[in-house]
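J.: Please find model.cif (mmCIF, C-alpha atoms and all ligand atoms) on the next line:
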```cif
data_entry
#
loop_
_atom_site.label_atom_id
_atom_site.label_comp_id
_atom_site.auth_asym_id
_atom_site.auth_seq_id
_atom_site.Cartn_x
_atom_site.Cartn_y
_atom_site.Cartn_z
CA MET A 4 -33.27 25.96 -26.72
CA PHE A 5 -35.80 23.66 -28.35
CA TYR A 6 -36.09 21.31 -25.38
CA LEU A 7 -37.73 22.63 -22.25
CA MET A 8 -39.35 20.38 -19.66
CA PRO A 9 -42.54 21.93 -18.23
CA PRO A 10 -42.73 22.10 -14.42
CA SER A 11 -45.95 20.08 -14.15
CA GLY A 12 -48.86 18.86 -16.21
CA THR A 13 -50.77 15.85 -17.45
CA PRO A 14 -50.57 14.74 -21.07
CA ILE A 15 -53.80 14.84 -23.03
CA SER A 16 -53.99 13.52 -26.60
CA ILE A 17 -55.97 14.71 -29.61
CA LYS A 18 -57.87 11.40 -29.36
CA ASP A 19 -58.82 12.26 -25.77
CA ILE A 20 -60.09 15.68 -26.87
CA ALA A 21 -62.15 14.12 -29.68
CA LYS A 22 -63.63 11.70 -27.15
CA ILE A 23 -64.43 14.53 -24.71
CA ILE A 24 -66.28 16.38 -27.48
CA ALA A 25 -68.13 13.20 -28.46
CA LEU A 26 -69.16 12.73 -24.83
CA ARG A 27 -70.31 16.33 -24.59
CA VAL A 28 -72.49 16.21 -27.70
CA GLY A 29 -73.96 12.84 -26.71
CA LEU A 30 -72.32 10.68 -29.40
CA GLU A 31 -70.72 8.63 -26.65
CA LYS A 32 -71.57 7.98 -23.02
CA LEU A 33 -69.43 7.73 -19.89
CA ASP A 34 -69.67 4.41 -18.08
CA GLU A 35 -70.38 6.43 -14.92
CA PRO A 36 -70.80 10.21 -14.31
CA PHE A 37 -67.76 12.15 -13.02
CA THR A 38 -69.35 12.87 -9.63
CA ARG A 39 -70.04 9.20 -9.02
CA LYS A 40 -66.44 8.29 -9.89
CA LEU A 41 -65.23 11.00 -7.52
CA LYS A 42 -67.46 9.68 -4.74
CA ARG A 43 -65.97 6.24 -5.21
CA LEU A 44 -62.39 7.58 -5.34
CA THR A 45 -62.72 9.82 -2.27
CA GLY A 46 -65.34 7.87 -0.31
CA SER A 47 -67.21 11.16 0.17
CA LYS A 48 -70.95 11.28 0.73
CA HIS A 49 -71.46 14.65 -0.98
CA VAL A 50 -69.51 15.90 -4.02
CA TRP A 51 -70.00 19.11 -6.04
CA LEU A 52 -68.22 20.31 -9.18
CA LEU A 53 -67.19 23.96 -9.49
CA ASN A 54 -65.17 26.13 -11.84
CA SER A 55 -62.09 26.24 -9.55
CA GLY A 56 -60.66 25.10 -6.25
CA ARG A 57 -60.91 28.67 -4.94
CA THR A 58 -64.65 28.70 -5.70
CA ALA A 59 -65.02 25.43 -3.79
CA LEU A 60 -63.22 26.96 -0.80
CA LEU A 61 -65.23 30.18 -1.02
CA VAL A 62 -68.59 28.36 -1.08
CA MET A 63 -67.49 26.15 1.80
CA LEU A 64 -66.30 29.06 3.94
CA ARG A 65 -69.47 31.07 3.37
CA GLU A 66 -71.65 28.15 4.46
CA VAL A 67 -69.42 27.09 7.36
CA SER A 68 -69.57 30.65 8.58
CA ARG A 69 -73.40 30.62 8.48
CA LEU A 70 -73.40 27.59 10.79
CA ALA A 71 -71.00 29.16 13.31
CA ARG A 72 -71.24 31.86 15.97
CA PRO A 73 -70.86 35.40 14.55
CA GLU A 74 -67.62 36.14 16.41
CA LYS A 75 -65.96 33.25 14.59
CA ASN A 76 -64.45 35.11 11.65
CA GLU A 77 -60.83 33.95 11.29
CA VAL A 78 -59.41 31.23 9.08
CA VAL A 79 -55.99 29.75 9.86
CA ILE A 80 -53.66 29.07 6.94
CA PRO A 81 -49.89 28.49 6.65
CA SER A 82 -47.65 31.55 6.27
CA TRP A 83 -46.70 30.30 2.80
CA THR A 84 -49.34 28.70 0.59
CA CYS A 85 -51.24 29.27 -2.65
CA TYR A 86 -52.43 32.88 -2.88
CA SER A 87 -55.88 31.72 -4.02
CA VAL A 88 -56.48 30.30 -0.56
CA ALA A 89 -56.03 33.77 0.92
CA ALA A 90 -58.21 35.24 -1.86
CA SER A 91 -61.12 32.89 -1.05
CA ILE A 92 -60.97 33.81 2.65
CA VAL A 93 -61.03 37.52 1.83
CA ARG A 94 -63.85 37.05 -0.68
CA ALA A 95 -65.86 35.23 2.00
CA GLY A 96 -65.53 38.32 4.21
CA LEU A 97 -63.33 36.51 6.75
CA LYS A 98 -59.93 37.31 8.25
CA ILE A 99 -56.71 35.42 7.59
CA ARG A 100 -54.79 34.15 10.61
CA LEU A 101 -51.30 33.04 9.62
CA VAL A 102 -49.34 30.32 11.37
CA ASP A 103 -45.78 29.65 10.29
CA ILE A 104 -44.91 26.65 8.12
CA ASP A 105 -42.13 24.13 8.74
CA PRO A 106 -39.93 23.99 5.60
CA MET A 107 -39.03 20.34 6.20
CA THR A 108 -42.64 19.12 6.29
CA MET A 109 -44.36 21.88 4.26
CA ASP A 110 -46.98 21.64 7.02
CA TYR A 111 -47.80 23.89 10.00
CA ASP A 112 -45.20 24.48 12.65
CA TYR A 113 -47.46 22.75 15.18
CA ASN A 114 -45.72 24.30 18.18
CA LYS A 115 -46.85 27.64 16.82
CA LEU A 116 -50.35 26.47 15.92
CA ARG A 117 -50.75 25.22 19.51
CA LYS A 118 -50.12 28.71 20.85
CA ILE A 119 -52.68 30.72 18.88
CA ASP A 120 -55.87 32.11 20.39
CA PHE A 121 -58.72 30.05 18.92
CA ASN A 122 -61.52 32.28 20.26
CA HIS A 123 -62.28 33.83 16.88
CA VAL A 124 -61.07 30.97 14.71
CA LEU A 125 -63.79 29.59 12.46
CA ALA A 126 -61.67 27.11 10.51
CA VAL A 127 -58.18 25.70 10.13
CA ILE A 128 -57.04 24.70 6.65
CA ALA A 129 -54.67 21.76 6.12
CA SER A 130 -52.75 22.34 2.89
CA ASN A 131 -51.16 19.07 1.70
CA LEU A 132 -48.66 21.10 -0.33
CA PHE A 133 -46.96 19.22 -3.19
CA GLY A 134 -49.05 16.18 -2.19
CA ILE A 135 -47.35 15.83 1.22
CA VAL A 136 -50.27 14.97 3.48
CA SER A 137 -50.70 17.19 6.54
CA ASP A 138 -50.22 15.71 10.02
CA TRP A 139 -53.83 15.12 11.00
CA SER A 140 -53.05 13.50 14.34
CA LYS A 141 -51.34 16.71 15.49
CA LEU A 142 -53.96 18.94 13.89
CA ARG A 143 -56.80 17.04 15.57
CA ALA A 144 -55.04 16.88 18.94
CA ILE A 145 -54.46 20.65 18.97
CA THR A 146 -57.99 21.57 17.89
CA LYS A 147 -59.81 18.85 19.90
CA GLU A 148 -61.11 21.23 22.56
CA GLU A 149 -61.83 24.07 20.15
CA SER A 150 -64.99 24.56 18.15
CA VAL A 151 -63.35 24.92 14.75
CA PHE A 152 -64.04 23.43 11.34
CA LEU A 153 -61.17 21.51 9.80
CA ILE A 154 -60.84 22.01 6.05
CA ASP A 155 -58.73 19.66 3.98
CA ASP A 156 -57.23 21.58 1.05
CA ALA A 157 -56.22 18.74 -1.25
CA ALA A 158 -55.85 20.96 -4.33
CA GLN A 159 -52.50 19.22 -4.90
CA ALA A 160 -53.35 15.76 -3.58
CA LEU A 161 -56.25 14.19 -5.48
CA GLY A 162 -55.87 10.42 -5.42
CA THR A 163 -53.68 10.19 -2.31
CA ILE A 164 -54.94 7.62 0.19
CA VAL A 165 -53.71 7.66 3.81
CA ASN A 166 -54.60 4.75 6.09
CA GLY A 167 -57.52 3.93 3.85
CA ARG A 168 -58.86 7.49 3.69
CA ALA A 169 -58.52 9.95 0.83
CA ALA A 170 -56.64 13.22 1.25
CA GLY A 171 -59.28 15.92 1.03
CA THR A 172 -61.70 13.98 3.24
CA LEU A 173 -59.82 14.08 6.53
CA GLY A 174 -61.56 17.18 7.87
CA ASP A 175 -65.16 18.35 8.10
CA ALA A 176 -65.05 19.36 4.45
CA GLY A 177 -62.41 19.45 1.73
CA PHE A 178 -61.67 20.42 -1.83
CA TYR A 179 -59.55 19.60 -4.87
CA SER A 180 -58.33 21.68 -7.81
CA LEU A 181 -58.69 20.49 -11.41
CA ASP A 182 -56.54 23.29 -12.78
CA ARG A 183 -53.71 22.83 -15.29
CA GLY A 184 -50.79 21.13 -13.64
CA LYS A 185 -52.85 19.34 -11.00
CA ASN A 186 -53.15 15.58 -10.45
CA LEU A 187 -56.24 15.53 -12.66
CA SER A 188 -56.88 18.50 -14.94
CA THR A 189 -60.00 19.65 -16.75
CA CYS A 190 -58.13 22.88 -17.72
CA ALA A 191 -59.71 24.55 -14.69
CA GLY A 192 -62.10 23.30 -12.06
CA GLY A 193 -62.68 22.41 -8.45
CA VAL A 194 -64.35 19.71 -6.39
CA LEU A 195 -65.95 20.27 -2.99
CA VAL A 196 -66.52 17.28 -0.70
CA THR A 197 -68.08 16.70 2.70
CA ASP A 198 -69.77 13.97 4.72
CA ASN A 199 -71.53 16.52 6.93
CA ASP A 200 -75.23 16.46 6.03
CA ASP A 201 -76.11 19.82 7.65
CA LEU A 202 -73.28 21.63 5.92
CA GLY A 203 -74.11 19.68 2.77
CA ARG A 204 -77.67 21.04 2.70
CA TYR A 205 -76.44 24.64 2.89
CA ILE A 206 -73.77 24.02 0.25
CA GLU A 207 -76.27 22.36 -2.07
CA GLU A 208 -78.54 25.40 -1.87
CA ALA A 209 -75.66 27.83 -2.45
CA ILE A 210 -74.36 25.91 -5.46
CA GLU A 211 -77.78 25.52 -7.06
CA SER A 212 -77.96 29.27 -7.64
CA LEU A 213 -74.52 29.47 -9.32
CA PRO A 214 -74.33 29.85 -13.13
CA THR A 215 -73.09 27.08 -15.43
CA PRO A 216 -70.57 28.26 -18.06
CA GLY A 217 -72.14 28.65 -21.50
CA ILE A 218 -71.20 27.40 -24.96
CA ILE A 219 -68.54 30.08 -25.63
CA SER A 220 -66.70 29.10 -22.52
CA GLU A 221 -66.88 25.44 -23.62
CA VAL A 222 -65.41 26.28 -27.03
CA VAL A 223 -62.60 28.21 -25.34
CA THR A 224 -61.96 25.18 -23.14
CA VAL A 225 -61.67 22.93 -26.20
CA LEU A 226 -59.08 25.33 -27.63
CA LYS A 227 -57.18 25.31 -24.36
CA PHE A 228 -57.17 21.51 -24.38
CA PHE A 229 -55.67 21.57 -27.90
CA LEU A 230 -52.96 24.05 -26.90
CA HIS A 231 -52.25 22.04 -23.78
CA SER A 232 -52.02 18.85 -25.82
CA MET A 233 -49.49 20.40 -28.21
CA PHE A 234 -47.37 22.56 -25.98
CA LEU A 235 -46.92 20.48 -22.85
CA ARG A 236 -44.36 18.33 -24.69
CA PRO A 237 -40.75 19.17 -23.83
CA ARG A 238 -40.00 19.71 -27.54
CA CYS A 239 -42.73 22.41 -27.75
CA TYR A 240 -42.98 23.96 -24.27
CA TRP A 241 -40.25 26.52 -25.02
CA PHE A 242 -42.70 28.29 -27.33
CA PRO A 243 -45.53 29.24 -24.89
CA ASN A 244 -42.85 29.80 -22.27
CA MET A 245 -41.40 32.54 -24.50
CA LEU A 246 -44.70 34.44 -24.56
CA PRO A 247 -44.77 36.70 -21.50
CA PHE A 248 -48.48 37.58 -21.86
CA LEU A 249 -49.40 33.94 -21.07
CA GLY A 250 -47.90 34.51 -17.62
CA LEU A 251 -46.94 30.83 -17.26
CA GLY A 252 -45.90 30.06 -13.71
CA GLU A 253 -46.85 33.53 -12.42
CA THR A 254 -48.61 33.81 -9.07
CA ILE A 255 -51.10 36.65 -8.84
CA TYR A 256 -53.33 37.49 -5.91
CA ASP A 257 -56.90 38.02 -7.17
CA ASP A 258 -60.00 37.97 -5.01
CA HIS A 259 -62.33 38.89 -7.92
CA PHE A 260 -62.27 35.43 -9.49
CA SER A 261 -65.36 34.11 -11.30
CA VAL A 262 -67.69 31.87 -9.32
CA ALA A 263 -69.61 29.19 -11.22
CA LYS A 264 -70.30 25.49 -11.54
CA LEU A 265 -67.98 23.30 -13.61
CA GLY A 266 -68.85 23.44 -17.32
CA ARG A 267 -70.47 20.37 -18.92
CA LEU A 268 -67.58 19.76 -21.30
CA GLN A 269 -65.17 19.77 -18.35
CA GLN A 270 -67.40 17.33 -16.50
CA CYS A 271 -67.05 14.98 -19.49
CA ALA A 272 -63.27 15.53 -19.48
CA GLY A 273 -63.08 14.76 -15.76
CA GLY A 274 -65.20 11.65 -16.15
CA LEU A 275 -62.91 10.36 -18.89
CA LEU A 276 -59.51 11.34 -17.48
CA ILE A 277 -60.11 10.27 -13.89
CA ASP A 278 -59.80 6.64 -15.02
CA ARG A 279 -56.06 7.12 -15.50
CA LEU A 280 -55.45 9.13 -12.31
CA ASN A 281 -54.03 6.19 -10.35
CA MET A 282 -51.61 5.32 -13.12
CA LEU A 283 -50.44 8.95 -13.46
CA ASN A 284 -50.07 9.31 -9.71
CA SER A 285 -47.99 6.09 -9.51
CA GLN A 286 -45.73 7.51 -12.22
CA ARG A 287 -45.41 10.74 -10.24
CA SER A 288 -44.42 9.03 -7.02
CA ALA A 289 -42.00 6.68 -8.82
CA CYS A 290 -40.40 9.62 -10.62
CA ALA A 291 -40.13 11.65 -7.38
CA LEU A 292 -38.54 8.68 -5.64
CA LYS A 293 -35.91 8.28 -8.38
CA ILE A 294 -35.05 11.99 -8.35
CA ALA A 295 -34.92 12.07 -4.55
CA GLU A 296 -32.63 9.02 -4.50
CA GLY A 297 -30.31 10.82 -6.90
CA VAL A 298 -30.42 14.20 -5.17
CA ARG A 299 -29.93 13.12 -1.53
CA PRO A 300 -26.45 11.60 -1.95
CA LEU A 301 -25.24 14.91 -3.46
CA GLY A 302 -25.41 16.18 0.14
CA LYS A 303 -26.31 19.71 -0.97
CA PHE A 304 -30.09 19.73 -0.90
CA GLU A 305 -32.94 18.74 1.39
CA ILE A 306 -36.21 17.20 0.28
CA PRO A 307 -39.22 18.12 2.43
CA GLY A 308 -41.93 15.69 3.36
CA SER A 309 -42.16 12.19 4.62
CA GLN A 310 -39.43 10.28 2.81
CA ALA A 311 -40.21 9.82 -0.85
CA ALA A 312 -39.82 6.10 -0.16
CA THR A 313 -43.20 6.08 1.59
CA GLY A 314 -44.80 6.73 -1.75
CA THR A 315 -45.88 10.35 -1.37
CA ILE A 316 -47.51 11.42 -4.64
CA TYR A 317 -45.38 14.49 -5.20
CA LEU A 318 -47.21 16.65 -7.75
CA ARG A 319 -43.81 18.34 -8.10
CA LEU A 320 -40.77 17.45 -6.04
CA PRO A 321 -39.88 20.28 -3.62
CA VAL A 322 -36.14 20.74 -3.06
CA LEU A 323 -34.48 23.11 -0.57
CA ALA A 324 -31.08 24.59 -1.37
CA ALA A 325 -28.78 25.80 1.39
CA ASP A 326 -29.53 29.45 0.62
CA GLN A 327 -31.05 31.75 -1.97
CA ALA A 328 -27.86 32.16 -4.01
CA MET A 329 -27.53 28.41 -4.40
CA ARG A 330 -31.23 28.06 -5.21
CA ASP A 331 -31.03 30.71 -7.91
CA ARG A 332 -27.95 29.02 -9.34
CA ALA A 333 -29.77 25.66 -9.42
CA VAL A 334 -32.75 27.22 -11.23
CA ARG A 335 -30.42 28.90 -13.76
CA PHE A 336 -28.34 25.80 -14.42
CA LEU A 337 -31.44 23.62 -14.79
CA ARG A 338 -32.98 26.10 -17.20
CA LYS A 339 -29.85 26.08 -19.34
CA GLY A 340 -30.06 22.29 -19.39
CA GLY A 341 -33.70 22.37 -20.58
CA PHE A 342 -35.64 22.03 -17.31
CA THR A 343 -38.07 24.53 -15.75
CA ALA A 344 -37.51 24.47 -12.00
CA VAL A 345 -40.09 26.81 -10.51
CA THR A 346 -39.85 28.60 -7.19
CA MET A 347 -43.66 28.66 -6.65
CA TYR A 348 -45.32 31.43 -4.59
CA PRO A 349 -42.91 34.37 -4.57
CA ALA A 350 -43.62 35.72 -1.06
CA ILE A 351 -45.19 34.74 2.22
CA ILE A 352 -48.90 35.59 2.50
CA ARG A 353 -48.05 38.41 4.94
CA GLU A 354 -46.25 40.21 2.11
CA ILE A 355 -48.94 40.11 -0.57
CA ARG A 356 -49.49 43.73 -1.50
CA GLY A 357 -52.61 45.19 0.16
CA ILE A 358 -53.29 42.12 2.32
CA GLU A 359 -52.65 43.76 5.71
CA PRO A 360 -56.26 44.85 6.44
CA GLN A 361 -57.34 41.24 5.84
CA LEU A 362 -55.02 39.75 8.45
CA ALA A 363 -56.28 38.86 11.92
CA SER A 364 -52.93 39.93 13.37
CA LEU A 365 -49.98 41.92 12.08
CA LYS A 366 -47.64 40.35 14.62
CA GLY A 367 -45.31 37.49 13.72
CA ASP A 368 -42.31 37.08 11.51
CA TYR A 369 -42.77 33.68 9.82
CA PRO A 370 -39.14 32.54 9.42
CA GLY A 371 -40.26 29.13 8.10
CA GLY A 372 -42.21 30.71 5.25
CA ARG A 373 -39.35 33.09 4.48
CA GLN A 374 -36.91 30.18 4.26
CA ILE A 375 -39.12 28.47 1.71
CA VAL A 376 -39.37 31.65 -0.37
CA ALA A 377 -35.57 31.90 -0.41
CA ARG A 378 -34.51 28.24 -0.69
CA LEU A 379 -37.20 26.31 -2.60
CA PHE A 380 -37.25 25.09 -6.16
CA THR A 381 -39.34 22.28 -7.57
CA LEU A 382 -38.56 19.51 -10.01
CA PRO A 383 -41.05 17.97 -12.43
CA THR A 384 -42.47 14.51 -11.71
CA HIS A 385 -44.97 14.23 -14.56
CA ALA A 386 -45.30 11.61 -17.28
CA TYR A 387 -42.97 13.38 -19.76
CA VAL A 388 -39.99 12.99 -17.41
CA ARG A 389 -37.89 10.00 -18.53
CA GLN A 390 -34.94 8.26 -16.87
CA ASN A 391 -32.57 10.18 -19.13
CA ASP A 392 -34.05 13.48 -17.89
CA ILE A 393 -33.64 12.38 -14.29
CA ASP A 394 -29.96 11.52 -14.92
CA ILE A 395 -29.38 14.95 -16.48
CA ILE A 396 -31.20 16.78 -13.63
CA ILE A 397 -29.00 15.04 -11.07
CA ALA A 398 -25.83 15.71 -13.04
CA ILE A 399 -26.78 19.40 -13.27
CA LEU A 400 -27.54 19.65 -9.55
CA ASN A 401 -24.18 18.04 -8.81
CA GLU A 402 -22.50 20.97 -10.56
CA VAL A 403 -24.39 23.65 -8.61
C1 LIG A 501 -52.77 24.45 -2.14
C2 LIG A 501 -53.78 25.05 -3.08
N1 LIG A 501 -54.96 25.46 -2.60
C3 LIG A 501 -55.89 26.00 -3.40
C4 LIG A 501 -55.69 26.15 -4.75
C5 LIG A 501 -56.75 26.80 -5.60
O1 LIG A 501 -57.20 26.00 -6.65
P1 LIG A 501 -57.64 26.66 -8.04
O2 LIG A 501 -56.42 27.14 -8.74
O3 LIG A 501 -58.32 25.53 -8.77
O4 LIG A 501 -58.58 27.75 -7.71
C6 LIG A 501 -54.49 25.72 -5.31
C7 LIG A 501 -54.24 25.86 -6.75
O5 LIG A 501 -53.23 26.09 -7.28
C8 LIG A 501 -53.49 25.16 -4.45
O6 LIG A 501 -52.30 24.75 -4.95
#
```
How does this structure look as structure tokens?

T.:
Amino acid sequence: MFYLMPPSGTPISIKDIAKIIALRVGLEKLDEPFTRKLKRLTGSKHVWLLNSGRTALLVMLREVSRLARPEKNEVVIPSWTCYSVAASIVRAGLKIRLVDIDPMTMDYDYNKLRKIDFNHVLAVIASNLFGIVSDWSKLRAITKEESVFLIDDAAQALGTIVNGRAAGTLGDAGFYSLDRGKNLSTCAGGVLVTDNDDLGRYIEEAIESLPTPGIISEVVTVLKFFLHSMFLRPRCYWFPNMLPFLGLGETIYDDHFSVAKLGRLQQCAGGLLIDRLNMLNSQRSACALKIAEGVRPLGKFEIPGSQAATGTIYLRLPVLAADQAMRDRAVRFLRKGGFTAVTMYPAIIREIRGIEPQLASLKGDYPGGRQIVARLFTLPTHAYVRQNDIDIIIAILNEV
């Protein structure tokens, strides 16, 4: 009972928090501001810091839509993805066009994407779920003749480099999330990137008028950092996990989220913590590889994505059971053994309550998305997972 491995997260120490406060009050200085470090990491020309990934997507969609013809009002997303993506589209006053997802790649079913009517499509969002980079050669080939913006949602893939280019920068614009449990966390936050100067000018103007969180919000963030520092450890995580009002791991659709710039304290945190991103990401991919190597020979589960051997930075390792009963058993057994295996978004986007009026089309069944909802569970790949944990996870899964 007193050992429970959290599903994701990045350790932060009390010393780190003290340093972040010292940076914020000017007792210490960063060697380089956070935005400049992000520019270097991503190779992006323009970088903005916001209070969440969904805000970054919202701002981007509003400005992209101003540059496009008025009849372009649909945004394509996978049938199963983070609910916040749908919320940003709705908040921007645009319609959601769903295309089914392939459970084995966690990317679009490109045969289905090829068949949609692009006449009203403003943008297509690549999702890079779990850190598995979307297939840009297919995405570009299909949209080559269409006048659509390509948006690279790298909320779960900060730090991934593909053929010399950073995930998040492979489209016309992209964004990252700095929320808890992401590759780099400032408690909450988002980063918007683009190389497009015209779009950049509009975005700059839009962001200038956004509020910056005040001192109370910064104090609350410090408290959250402390709680995070204490309770992310497997020996302590059982405690917050017992408190239902914290809603840990819950997915809620909410299109009334707050829209602001990233707070100054969080900018200091980002500027400090980004220096260890590569190390943390290497640990994640090494951990995912070890788990995958142990799970595959069991012959009971499938692991989506390009083979773990190619070094995918799995933010969590997605695993597909044969069916829902087996998945639920795996989650139960793992929990008994002290591991939180989460099932992520609980329904396909089509089934979010009240979403229907926001969909460009009510047709379509989305069997790929439904399979993921029924069969998926994820395993932790973060820095608290040790070899002993991996051995136990594999032994448990062998019993399922
Ligand atoms: C794929 C994806 N897109 C977008 C978002 C939204 O980011 P945020 O939670 O920072 O608003 C998330 C966050 O969980 C995500 O996983």

J.: If we count all atoms listed in the file and set the cut-off at 10 Å, which residues sit around segment 139-141 of chain A, ignoring sequence neighbours fewer than 5 positions away in its own chain? Please answer as JSON, numbers by chain.

T.: {"A": [111, 113, 114, 116, 117, 129, 146, 147, 153, 155, 173, 174]}

J.: Mind checking which residues fall within 9 Å of Gln286 of chain A, counting all atoms listed in the file, ignoring those fewer than 5 positions away in the same chain, and posting them as a list in words?

T.: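 Close residues of Gln286 of chain A: Asn281, Ala291, Ile316, Thr384, His385 and Ala386 of chain A.
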
J.: Report as a PyMOL selection string which protein, DNA and RNA residues come within 8 Å of ligand LIG 501 (chain A), using only C-alpha atoms and all ligand atoms.

T.: chain A and resi 54-60+84-88+130-133+156-159+179-182+185+191-193

J.: Segment 354-364 of chain A: which residues within 12 Å, counting all atoms listed in the file, same-chain residues fewer than 5 positions away excluded, as a PyMOL selection string?

T.: chain A and resi 75-80+82-87+89-102+119-125+254-258+348-349+369+372-373+376

J.: Quick one, how far is atom CA of Thr38 of chain A from atom CA of Val62 of chain A?

T.: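 Between these atoms lies a distance of 17.7 Å.
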
J.: Quick one: of A:Thr13, A:Arg330, A:Arg287, A:Gly308, who's nearest to Asp138 of chain A, counting all atoms listed in the file?

T.: A:Gly308

J.: Skip segment 212-224 of chain A itself and residues of its chain fewer than 5 positions away, then list as a ChimeraX atom specification all residues within 6 Å of it, counting all atoms listed in the file.

T.: /A:263-264,266

J.: Residues near Pro36 of chain A, anyone? I mean within 12 Å using all atoms listed in the file, not counting same-chain ones fewer than 5 positions away, as a ChimeraX atom specification.

T.: /A:26-27,41-43,50,52,267,269-278

J.: Rank A:Val345, A:Leu283, A:Leu301, A:Ile352 by their smallest atom-to-atom distance to Ile397 of chain A, using all atoms listed in the file, and report the top residue only.

T.: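 Looking only at the distances to Ile397 of chain A, the closest residue turns out to be A:Leu301.
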
J.: Please return the centre and edge lengths, in Å to one decimal, of a box with edges along x, y and z that contains all listed atoms of segment 9-14 of chain A, widened by 6 Å on every side, as lines of an AutoDock Vina configuration file.

T.:
```
center_x = -46.7
center_y = 18.4
center_z = -17.6
size_x = 20.2
size_y = 19.4
size_z = 18.9
```

J.: To one decimal place, how far is atom CA of Ala71 of chain A from atom CA of Glu207 of chain A in Å?

T.: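 Separation of atom CA of Ala71 of chain A and atom CA of Glu207 of chain A: 17.6 Å.
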
J.: Considering all atoms listed in the file, can you say which of A:Ser68, A:Ser288, A:Thr315, A:Asn401 comes closest to Phe152 of chain A?

T.: A:Ser68

J.: Nearest to Gly46 of chain A among A:Arg204, A:Arg335, A:Lys293, A:Arg168, with distances taken over only C-alpha atoms: which residue is it?

T.: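 Residue with the minimum atom-to-atom distance to Gly46 of chain A: A:Arg168.
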
J.: Kindly give the distance, in Å, that separates atom CA of Leu44 of chain A and atom CA of Arg279 of chain A, rounded to a single decimal.

T.: 12.0 Å

J.: Here is a test: counting only C-alpha atoms, which residue of A:Gly167, A:Val28, A:Lys118, A:Asp368 is nearest to Ile145 of chain A?

T.: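 Result for the nearest residue to Ile145 of chain A: A:Lys118.
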
J.: Find, counting all atoms listed in the file, the residue in A:Leu53, A:Leu292, A:Ala377, A:Ile128 that gets nearest to Ala325 of chain A.

T.: A:Ala377
